[in-house]
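> Structure: target_12.csv, CSV, C-alpha atoms and all ligand atoms.
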chain,number,residue,atom,x,y,z
A,1,MET,CA,-9.2,-12.0,-20.6
A,2,LYS,CA,-12.2,-12.6,-22.8
A,3,LYS,CA,-12.0,-16.0,-24.5
A,4,LYS,CA,-12.1,-15.8,-28.3
A,5,MET,CA,-14.5,-18.1,-30.3
A,6,THR,CA,-12.6,-20.6,-32.3
A,7,LEU,CA,-13.8,-22.0,-35.7
A,8,ALA,CA,-15.0,-25.2,-33.9
A,9,ASP,CA,-17.1,-23.0,-31.5
A,10,TRP,CA,-18.6,-21.1,-34.4
A,11,ILE,CA,-19.5,-24.4,-36.2
A,12,LEU,CA,-21.1,-25.8,-33.0
A,13,VAL,CA,-23.1,-22.6,-32.5
A,14,SER,CA,-24.2,-22.6,-36.1
A,15,ILE,CA,-25.4,-26.2,-35.9
A,16,LEU,CA,-27.3,-25.5,-32.7
A,17,VAL,CA,-29.0,-22.4,-34.2
A,18,LEU,CA,-29.9,-24.4,-37.4
A,19,LEU,CA,-31.4,-27.1,-35.2
A,20,ALA,CA,-33.1,-24.7,-32.8
A,21,VAL,CA,-34.9,-22.5,-35.4
A,22,PRO,CA,-37.0,-25.3,-36.9
A,23,VAL,CA,-37.7,-26.9,-33.5
A,24,LEU,CA,-38.9,-23.5,-32.2
A,25,ALA,CA,-40.9,-22.9,-35.3
A,26,ILE,CA,-42.7,-26.3,-34.9
A,27,MET,CA,-43.3,-25.6,-31.2
A,28,VAL,CA,-44.8,-22.1,-32.0
A,29,ILE,CA,-47.1,-23.7,-34.7
A,30,ALA,CA,-48.1,-26.6,-32.4
A,31,SER,CA,-48.5,-24.5,-29.3
A,32,PRO,CA,-47.7,-20.8,-29.4
A,33,VAL,CA,-47.7,-20.5,-25.7
A,34,LEU,CA,-45.1,-23.3,-25.4
A,35,GLY,CA,-43.1,-22.0,-28.3
A,36,ILE,CA,-42.7,-18.6,-26.8
A,37,SER,CA,-42.4,-19.5,-23.1
A,38,VAL,CA,-39.6,-22.1,-23.5
A,39,PRO,CA,-37.1,-19.6,-25.1
A,40,ILE,CA,-38.1,-17.0,-22.5
A,41,CYS,CA,-37.4,-19.5,-19.8
A,42,GLY,CA,-34.1,-20.5,-21.4
A,43,LEU,CA,-33.0,-16.8,-21.6
A,44,LEU,CA,-33.9,-16.2,-18.0
A,45,LEU,CA,-31.9,-19.2,-16.9
A,46,ALA,CA,-28.9,-18.2,-19.1
A,47,PHE,CA,-28.8,-14.8,-17.4
A,48,ARG,CA,-29.6,-16.0,-13.9
A,49,ARG,CA,-26.2,-15.1,-12.6
A,50,ARG,CA,-26.5,-11.5,-13.9
A,51,LEU,CA,-30.1,-11.0,-12.8
A,52,GLY,CA,-29.9,-13.0,-9.6
A,53,ARG,CA,-32.0,-16.0,-8.6
A,54,LEU,CA,-34.6,-13.9,-6.8
A,55,LYS,CA,-35.4,-11.8,-9.9
A,56,VAL,CA,-35.5,-14.8,-12.2
A,57,GLY,CA,-37.7,-16.7,-9.7
A,58,LEU,CA,-40.1,-13.7,-9.5
A,59,ILE,CA,-40.3,-13.4,-13.3
A,60,LEU,CA,-41.0,-17.1,-13.6
A,61,LEU,CA,-43.7,-16.8,-10.9
A,62,VAL,CA,-45.4,-14.0,-12.8
A,63,LEU,CA,-45.2,-15.9,-16.0
A,64,GLY,CA,-46.6,-19.0,-14.3
A,65,ILE,CA,-49.5,-17.1,-12.8
A,66,ALA,CA,-50.3,-15.4,-16.2
A,67,LEU,CA,-50.2,-18.8,-17.9
A,68,ALA,CA,-52.5,-20.4,-15.3
A,69,VAL,CA,-55.0,-17.5,-15.5
A,70,ALA,CA,-55.0,-17.7,-19.4
A,71,ALA,CA,-55.4,-21.5,-19.3
A,72,LEU,CA,-58.3,-21.4,-16.8
A,73,THR,CA,-60.1,-18.6,-18.5
A,74,SER,CA,-59.8,-20.2,-22.0
A,75,SER,CA,-62.9,-22.4,-21.2
A,76,GLU,CA,-64.9,-19.2,-20.5
A,77,GLU,CA,-63.8,-17.9,-23.9
A,78,TRP,CA,-65.0,-21.1,-25.4
A,79,GLU,CA,-68.4,-20.9,-23.6
A,80,ARG,CA,-68.8,-17.3,-24.8
A,81,ALA,CA,-67.7,-17.9,-28.4
A,82,GLU,CA,-70.5,-17.5,-30.9
A,83,ASP,CA,-68.6,-18.7,-33.9
A,84,ASN,CA,-69.3,-22.4,-34.2
A,85,GLU,CA,-66.2,-23.1,-36.2
A,86,TYR,CA,-64.1,-21.4,-33.5
A,87,ARG,CA,-66.0,-23.3,-30.7
A,88,ALA,CA,-65.2,-26.6,-32.5
A,89,TRP,CA,-61.6,-25.7,-33.0
A,90,VAL,CA,-61.2,-24.8,-29.3
A,91,ALA,CA,-63.1,-27.9,-28.2
A,92,ASP,CA,-60.9,-30.0,-30.4
A,93,ARG,CA,-57.7,-28.5,-29.0
A,94,ARG,CA,-59.0,-29.0,-25.5
A,95,ARG,CA,-59.6,-32.7,-26.0
A,96,SER,CA,-56.1,-33.2,-27.2
A,97,PRO,CA,-53.7,-34.4,-24.4
A,98,CYS,CA,-51.1,-31.9,-25.7
A,99,GLY,CA,-53.5,-29.2,-26.5
A,100,PRO,CA,-52.8,-25.6,-25.6
A,101,ARG,CA,-54.8,-25.6,-22.4
A,102,GLU,CA,-53.1,-28.7,-20.9
A,103,ALA,CA,-49.7,-27.5,-22.1
A,104,MET,CA,-50.3,-24.1,-20.6
A,105,LEU,CA,-51.4,-25.6,-17.2
A,106,LEU,CA,-48.4,-27.9,-17.2
A,107,LEU,CA,-46.0,-25.0,-18.0
A,108,ALA,CA,-47.7,-22.8,-15.4
A,109,ALA,CA,-47.1,-25.5,-12.8
A,110,ILE,CA,-43.5,-25.9,-13.8
A,111,PHE,CA,-42.9,-22.1,-13.8
A,112,LEU,CA,-44.7,-21.7,-10.4
A,113,ALA,CA,-42.7,-24.5,-8.8
A,114,GLY,CA,-39.4,-23.6,-10.4
A,115,GLY,CA,-39.9,-19.8,-10.0
A,116,GLY,CA,-41.0,-20.2,-6.4
A,117,GLY,CA,-38.0,-22.4,-5.6
A,118,MET,CA,-35.5,-20.0,-7.2
A,119,ALA,CA,-37.1,-17.0,-5.5
A,120,VAL,CA,-36.9,-18.6,-2.1
A,121,ALA,CA,-33.3,-19.8,-2.8
A,122,GLY,CA,-32.4,-16.3,-4.1
A,123,LYS,CA,-33.8,-14.6,-1.0
A,124,PHE,CA,-32.5,-16.9,1.7
A,125,VAL,CA,-29.6,-19.0,0.3
A,126,GLY,CA,-26.2,-17.5,-0.5
A,127,PRO,CA,-25.3,-14.4,-2.6
A,128,LYS,CA,-27.7,-13.2,-5.2
A,129,THR,CA,-25.9,-11.5,-8.1
A,130,LEU,CA,-22.2,-11.2,-8.9
A,131,LYS,CA,-22.4,-7.5,-7.9
A,132,GLU,CA,-24.1,-8.4,-4.6
A,133,ARG,CA,-21.6,-11.2,-4.0
A,134,LYS,CA,-18.7,-8.7,-4.4
A,135,LYS,CA,-20.4,-6.3,-2.0
A,136,GLU,CA,-20.9,-9.1,0.6
A,137,MET,CA,-17.3,-10.1,0.4
A,138,SER,CA,-16.0,-6.6,1.0
A,139,GLY,CA,-18.7,-6.1,3.6
A,140,ASN,CA,-17.4,-9.1,5.6
A,141,GLY,CA,-14.0,-7.6,5.7
A,142,ASN,CA,-12.6,-10.4,3.5
A,143,ASN,CA,-11.0,-8.2,0.9
A,144,GLY,CA,-11.9,-5.5,-1.6
A,145,ALA,CA,-10.5,-2.0,-2.4
A,146,ASP,CA,-12.8,-0.3,0.2
A,147,CYS,CA,-11.6,-2.4,3.1
A,148,PRO,CA,-9.3,-0.6,5.5
A,149,GLN,CA,-5.7,-1.6,5.4
A,150,GLU,CA,-5.8,-2.2,9.2
A,151,THR,CA,-8.6,-4.7,8.8
A,152,LEU,CA,-6.8,-6.6,6.1
A,153,GLU,CA,-3.6,-6.8,8.2
A,154,LYS,CA,-5.6,-8.1,11.2
A,155,ARG,CA,-7.3,-10.7,9.1
A,156,PHE,CA,-4.0,-11.8,7.5
A,157,GLU,CA,-2.4,-12.2,10.9
A,158,ALA,CA,-5.4,-13.9,12.5
A,159,LEU,CA,-5.6,-16.5,9.6
A,160,LEU,CA,-1.9,-17.3,10.0
A,161,ARG,CA,-2.0,-17.5,13.8
A,162,GLN,CA,-5.0,-19.9,13.5
A,163,THR,CA,-2.6,-22.4,11.9
A,164,GLY,CA,-0.8,-22.7,15.3
A,165,ARG,CA,2.3,-23.3,13.3
A,166,ARG,CA,5.7,-23.0,15.0
A,167,GLY,CA,7.6,-19.9,13.9
A,168,ILE,CA,4.5,-17.9,12.7
A,169,GLU,CA,5.1,-15.0,15.1
A,170,ASN,CA,8.6,-14.6,13.8
A,171,VAL,CA,7.3,-14.7,10.2
A,172,LEU,CA,4.9,-11.9,11.0
A,173,ALA,CA,7.6,-9.8,12.6
A,174,GLU,CA,10.0,-10.3,9.7
A,175,LEU,CA,7.2,-9.4,7.2
A,176,GLY,CA,6.6,-6.2,9.1
A,177,THR,CA,10.3,-5.4,9.0
A,178,LEU,CA,10.5,-6.0,5.2
A,179,GLY,CA,7.5,-3.8,4.5
A,180,PHE,CA,5.3,-6.6,3.3
A,181,PHE,CA,2.0,-5.0,4.5
A,182,SER,CA,2.5,-1.8,2.5
A,183,ALA,CA,4.2,-3.4,-0.6
A,184,PRO,CA,2.5,-3.5,-4.0
A,185,ALA,CA,1.9,-6.9,-5.6
A,186,SER,CA,3.6,-5.9,-8.9
A,187,ALA,CA,5.1,-2.9,-10.6
A,188,ARG,CA,2.7,-2.6,-13.5
A,189,PHE,CA,0.1,-5.3,-13.2
A,190,HIS,CA,-2.3,-6.6,-10.5
A,191,GLY,CA,-2.1,-4.8,-7.1
A,192,ASN,CA,0.4,-2.2,-8.2
A,193,TYR,CA,-0.4,0.2,-5.3
A,194,PRO,CA,0.6,0.3,-1.6
A,195,GLY,CA,-1.0,-2.7,0.2
A,196,GLY,CA,-1.6,-4.5,-3.1
A,197,LEU,CA,0.6,-7.5,-2.0
A,198,LEU,CA,-1.4,-8.0,1.2
A,199,GLU,CA,-4.7,-7.7,-0.7
A,200,HIS,CA,-3.5,-10.1,-3.4
A,201,SER,CA,-2.4,-12.6,-0.7
A,202,LEU,CA,-5.9,-12.5,0.9
A,203,ASN,CA,-7.5,-12.8,-2.5
A,204,VAL,CA,-5.5,-15.9,-3.2
A,205,TYR,CA,-6.6,-17.3,0.1
A,206,ASP,CA,-10.3,-16.6,-0.6
A,207,GLU,CA,-10.1,-18.1,-4.1
A,208,ALA,CA,-8.2,-21.1,-2.8
A,209,MET,CA,-10.9,-21.8,-0.2
A,210,LEU,CA,-13.6,-21.7,-3.0
A,211,VAL,CA,-11.5,-23.9,-5.3
A,212,ARG,CA,-10.8,-26.4,-2.4
A,213,ASP,CA,-14.5,-26.6,-1.6
A,214,ALA,CA,-15.4,-27.3,-5.2
A,215,GLN,CA,-12.7,-30.0,-5.5
A,216,LEU,CA,-13.8,-31.7,-2.3
A,217,GLY,CA,-17.3,-31.8,-3.7
A,218,LEU,CA,-16.0,-33.7,-6.7
A,219,LYS,CA,-13.4,-35.8,-4.8
A,220,PRO,CA,-14.0,-35.9,-1.1
A,221,ASP,CA,-11.1,-38.3,-0.3
A,222,ILE,CA,-8.6,-35.5,-1.2
A,223,ALA,CA,-9.5,-33.6,2.0
A,224,ALA,CA,-6.6,-35.0,3.9
A,225,ARG,CA,-4.1,-33.5,1.4
A,226,LEU,CA,-5.7,-30.1,1.6
A,227,PRO,CA,-5.9,-29.2,5.3
A,228,LEU,CA,-7.0,-25.6,6.1
A,229,ASP,CA,-3.7,-24.6,7.8
A,230,SER,CA,-1.8,-25.6,4.6
A,231,ILE,CA,-4.2,-23.5,2.5
A,232,ALA,CA,-3.5,-20.5,4.8
A,233,ILE,CA,0.3,-21.0,4.8
A,234,ALA,CA,0.6,-21.6,1.0
A,235,THR,CA,-1.7,-18.8,-0.1
A,236,LEU,CA,-0.9,-16.1,2.3
A,237,LEU,CA,2.8,-16.6,2.2
A,238,HIS,CA,3.4,-17.7,-1.4
A,239,ASP,CA,4.6,-14.2,-2.5
A,240,VAL,CA,6.7,-13.1,0.5
A,241,CYS,CA,9.6,-13.0,-2.1
A,242,LYS,CA,8.0,-9.7,-3.4
A,243,ALA,CA,8.0,-7.9,-0.1
A,244,GLU,CA,11.0,-5.6,-0.8
A,245,VAL,CA,11.3,-5.9,-4.6
A,246,TYR,CA,9.1,-3.1,-5.9
A,247,LYS,CA,10.4,0.4,-5.1
A,248,GLU,CA,8.9,3.7,-6.0
A,249,MET,CA,11.2,5.5,-8.4
A,250,GLU,CA,11.3,8.3,-10.9
A,251,LYS,CA,10.8,7.2,-14.5
A,252,PHE,CA,10.7,9.0,-17.8
A,253,ARG,CA,8.1,9.0,-20.5
A,254,LYS,CA,7.2,11.2,-23.5
A,255,ASP,CA,4.3,13.6,-23.0
A,256,LYS,CA,1.7,14.4,-25.6
A,257,TYR,CA,4.1,16.9,-27.2
A,258,GLY,CA,6.8,14.3,-27.5
A,259,GLU,CA,8.9,15.9,-24.7
A,260,TRP,CA,10.4,13.7,-22.0
A,261,GLU,CA,8.7,14.1,-18.6
A,262,LYS,CA,9.4,12.6,-15.1
A,263,TYR,CA,6.8,10.5,-13.3
A,264,ASN,CA,6.7,8.3,-10.2
A,265,ALA,CA,6.1,4.6,-10.6
A,266,TYR,CA,7.1,1.3,-9.2
A,267,GLY,CA,10.2,-0.3,-10.5
A,268,VAL,CA,11.9,-3.6,-9.6
A,269,ASP,CA,15.0,-3.9,-7.5
A,270,TYR,CA,16.2,-7.5,-6.9
A,271,THR,CA,19.4,-6.5,-5.1
A,272,GLY,CA,18.0,-7.2,-1.6
A,273,PHE,CA,18.1,-11.0,-1.9
A,274,PRO,CA,18.3,-12.1,-5.6
A,275,LEU,CA,17.1,-15.7,-5.5
A,276,GLY,CA,14.2,-16.1,-7.8
A,277,HIS,CA,10.5,-16.3,-6.9
A,278,GLY,CA,8.9,-19.3,-5.3
A,279,GLU,CA,12.2,-20.7,-4.1
A,280,LYS,CA,13.0,-17.3,-2.5
A,281,SER,CA,9.7,-17.4,-0.6
A,282,VAL,CA,10.4,-20.9,0.7
A,283,ILE,CA,13.9,-20.2,1.8
A,284,ARG,CA,12.9,-17.0,3.5
A,285,LEU,CA,10.1,-18.8,5.4
A,286,LEU,CA,12.4,-21.7,6.5
A,287,ARG,CA,15.1,-19.3,7.6
A,288,TRP,CA,12.5,-17.4,9.7
A,289,GLY,CA,11.9,-20.7,11.5
A,290,LEU,CA,8.4,-21.6,10.0
A,291,GLU,CA,7.5,-25.2,10.3
A,292,MET,CA,6.3,-26.2,6.8
A,293,THR,CA,4.9,-29.4,5.3
A,294,ASP,CA,6.4,-30.9,2.1
A,295,ASP,CA,3.2,-30.0,0.2
A,296,GLU,CA,3.4,-26.3,1.3
A,297,ILE,CA,7.1,-26.2,0.2
A,298,MET,CA,6.3,-27.7,-3.2
A,299,ALA,CA,3.2,-25.5,-3.7
A,300,ILE,CA,5.0,-22.3,-3.0
A,301,ARG,CA,8.2,-23.3,-4.8
A,302,TRP,CA,6.4,-24.1,-8.0
A,303,HIS,CA,3.4,-21.8,-8.0
A,304,MET,CA,4.7,-19.9,-11.0
A,305,SER,CA,5.0,-23.1,-13.0
A,306,GLY,CA,4.9,-22.2,-16.7
A,307,PHE,CA,6.2,-18.6,-16.1
A,308,ASP,CA,9.3,-20.0,-14.5
A,309,LEU,CA,9.9,-23.0,-16.7
A,310,ALA,CA,10.7,-21.5,-20.1
A,311,PHE,CA,14.4,-21.0,-19.6
A,312,GLN,CA,15.0,-23.8,-17.1
A,313,SER,CA,16.9,-27.0,-17.5
A,314,PRO,CA,15.1,-30.3,-18.2
A,315,GLU,CA,16.0,-31.4,-14.7
A,316,ILE,CA,14.1,-28.4,-13.2
A,317,ARG,CA,11.2,-29.0,-15.5
A,318,ASN,CA,11.0,-32.6,-14.5
A,319,ASN,CA,11.1,-31.7,-10.9
A,320,TYR,CA,8.2,-29.3,-11.5
A,321,HIS,CA,6.2,-32.0,-13.2
A,322,GLU,CA,6.8,-34.5,-10.4
A,323,ALA,CA,5.7,-31.9,-7.8
A,324,ALA,CA,2.6,-31.1,-9.9
A,325,GLY,CA,1.7,-34.8,-10.1
A,326,LYS,CA,1.9,-35.4,-6.4
A,327,CYS,CA,0.8,-32.1,-4.7
A,328,PRO,CA,-2.8,-31.1,-5.0
A,329,LEU,CA,-2.1,-28.0,-2.9
A,330,LEU,CA,0.1,-26.8,-5.8
A,331,ALA,CA,-2.8,-27.1,-8.2
A,332,ILE,CA,-5.1,-25.2,-5.8
A,333,LEU,CA,-2.5,-22.5,-5.2
A,334,LYS,CA,-1.8,-22.0,-8.9
A,335,ALA,CA,-5.5,-21.8,-9.8
A,336,ALA,CA,-6.2,-19.4,-6.9
A,337,ASP,CA,-3.2,-17.2,-7.8
A,338,GLY,CA,-4.4,-16.9,-11.4
A,339,LEU,CA,-8.0,-16.2,-10.4
A,340,ALA,CA,-6.9,-13.6,-7.8
A,341,SER,CA,-4.5,-11.9,-10.3
A,342,HIS,CA,-6.6,-12.0,-13.4
A,343,VAL,CA,-10.2,-12.0,-12.1
A,344,LEU,CA,-10.3,-10.4,-8.6
A,345,GLY,CA,-7.3,-8.2,-9.2
A,346,THR,CA,-8.6,-6.6,-12.4
B,1,FE,FE,4.0,-15.3,-7.2
B,2,FE,FE,0.7,-14.4,-6.4
Starting from the coordinates I provided, produce the structure as structure tokens.


Amino acid sequence: MKKKMTLADWILVSILVLLAVPVLAIMVIASPVLGISVPICGLLLAFRRRLGRLKVGLILLVLGIALAVAALTSSEEWERAEDNEYRAWVADRRRSPCGPREAMLLLAAIFLAGGGGMAVAGKFVGPKTLKERKKEMSGNGNNGADCPQETLEKRFEALLRQTGRRGIENVLAELGTLGFFSAPASARFHGNYPGGLLEHSLNVYDEAMLVRDAQLGLKPDIAARLPLDSIAIATLLHDVCKAEVYKEMEKFRKDKYGEWEKYNAYGVDYTGFPLGHGEKSVIRLLRWGLEMTDDEIMAIRWHMSGFDLAFQSPEIRNNYHEAAGKCPLLAILKAADGLASHVLGT
């Protein structure tokens, strides 16, 4: 969902614009090259994710070369100038330590170094643009709509088997019996198509791995609380409660003439094992003989947090808050579930 600008955001933006305009005007008057190049550089950096580091780096390189050529040829222009007043003006500017020529050379050096670095990084390090990143992810068989169902199933099973957890083979067999691999992830929202639940579970795993890496970068000592097997168990199995809930059924709606018409869609049917959401997943997994850590149980039980809490007793709410305070895996799973549902799943 696109975030709306609040009044405070608008006031902040207005102050920044009011400050930026005179600063830019002064820069343009003092040194037109600097005054124009700096905003261009700012715009390029602001759109670097959309353009990709390679393109931004190459544009900066071209700008750097153009500035260097302009700076180095400015002395020839001075030599050729016949107008004495102009010669004196140019000479005066060239003597100044912040004159256009020095500023241009300095800027050219910055653009060449920065642009070169970005171009090399864009070419050889990691994904380039958001579009290319998505393509790389689906190309690797991680997830994505164009990835065959069979590949997704194999990846899901392999990730769970890698945990070496007791009971995992039985869990896979039970999931197959319940129809987990062909189930949708919801009736009307994310992943509401056959195989959507499998795809959603893998998306949550991928998001959780990214979130985990980012958190470890900020707080390395938390690694022991976020082992890779727990990430796999919590993310891939958090929604096993949904396996048999969504059923294809006939529904009715009004057509454009106001007449009732039948159509096929998913509806919900909780009669199989009506036990809630996170708690149902945990109970199922334990009954299937899966060995689980306390953190995995807490993370899966409470992963819906606010959605589940509205009508709960104070005791349940307090339990949730206790779990949230002591279980970093819960925070990772909640964040990854939200990102997979509302970012990847859109
Ligand atoms: Fe869920
Ligand atoms: Fe989920």

> Quick check, in Å to one decimal: how far apart do atom CA of A:Lys242 and atom CA of A:Arg287 lie?

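These atoms are spaced 16.2 Å apart.
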
> Throw together the list of residues within 12 Å of ligand FE 2 (chain B), counting all atoms listed in the file, and drop it here as a PyMOL selection string.

chain A and resi 184-186+189-191+196-205+207-208+234-243+277-278+281+299-305+307+333-342+344-345

> So which residues are close to (1.7, 4.9, -0.3), meaning at most 8 Å away in the file's coordinates with all atoms listed in the file counted, and can you show them as a PyMOL selection string?

chain A and resi 182+193-194

> Got a sec: who's within 10 Å of A:Arg212, counting only C-alpha atoms, leaving out chain neighbours fewer than 2 positions off, as a ChimeraX atom specification?

/A:206-210,214-218,222-223,226-228,231,328-329,331-333,336

> Figure out the distance between atom CA of A:Gly116 and atom CA of A:Leu58, please, to one decimal in Å.

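One can read the atom CA of A:Leu58 to atom CA of A:Gly116 distance as 7.3 Å.
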
> Using all atoms listed in the file, find the one residue out of A:Val21, A:Val56, A:Cys327, A:Leu72 that sits nearest to A:Asp294.

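Of A:Val21, A:Val56, A:Cys327, A:Leu72, the one nearest A:Asp294 is A:Cys327, counting all atoms listed in the file.
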
> Given all atoms listed in the file as the basis, pick out the residue of A:Cys41, A:Glu174, A:Leu286, A:Cys147 nearest to A:Phe111.

A:Cys41

> Taking every listed atom of stretch 331-338 of chain A and adding 6 Å to each side, what centre and edge lengths in Å (one decimal) does the axis-aligned box have, as AutoDock Vina command-line options?


--center_x -4.0 --center_y -22.0 --center_z -8.3 --size_x 16.4 --size_y 22.2 --size_z 18.2

> In Å to one decimal, how far is atom CA of A:Asn264 from atom CA of A:Arg188?

12.1 Å

> Set the distance at 12 Å and use only C-alpha atoms: which residues neighbour A:Lys154 once local chain neighbours fewer than 4 positions away are removed? I'd like the list as an NGL selection string.

:A and (141-143 or 147-150 or 158-161 or 172 or 181 or 198-199 or 202)

> Between A:Gly176, A:Pro220, A:Gly35, A:Gly276, which residue has the minimum interatomic distance to ligand FE 1 (chain B), considering all atoms listed in the file?

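Among the listed residues, A:Gly276 lies closest to ligand FE 1 (chain B).
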
> With all atoms listed in the file as the basis for distance, which of A:Val282, A:Val171, A:Leu106, A:Met292 is at the shortest distance from ligand FE 1 (chain B)?

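Checking each candidate against ligand FE 1 (chain B), we get A:Val282 as the closest.
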
> Under the rule that only C-alpha atoms and all ligand atoms are counted, which of A:Lys326, A:Gly114, A:Tyr320, A:Lys280 is the nearest residue to ligand FE 1 (chain B)?

A:Lys280

> Nearest residue to ligand FE 1 (chain B) out of A:Gly42, A:Gly179, A:Gly272, A:Gly306, using all atoms listed in the file?

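Of all the options, A:Gly306 lies closest to ligand FE 1 (chain B).
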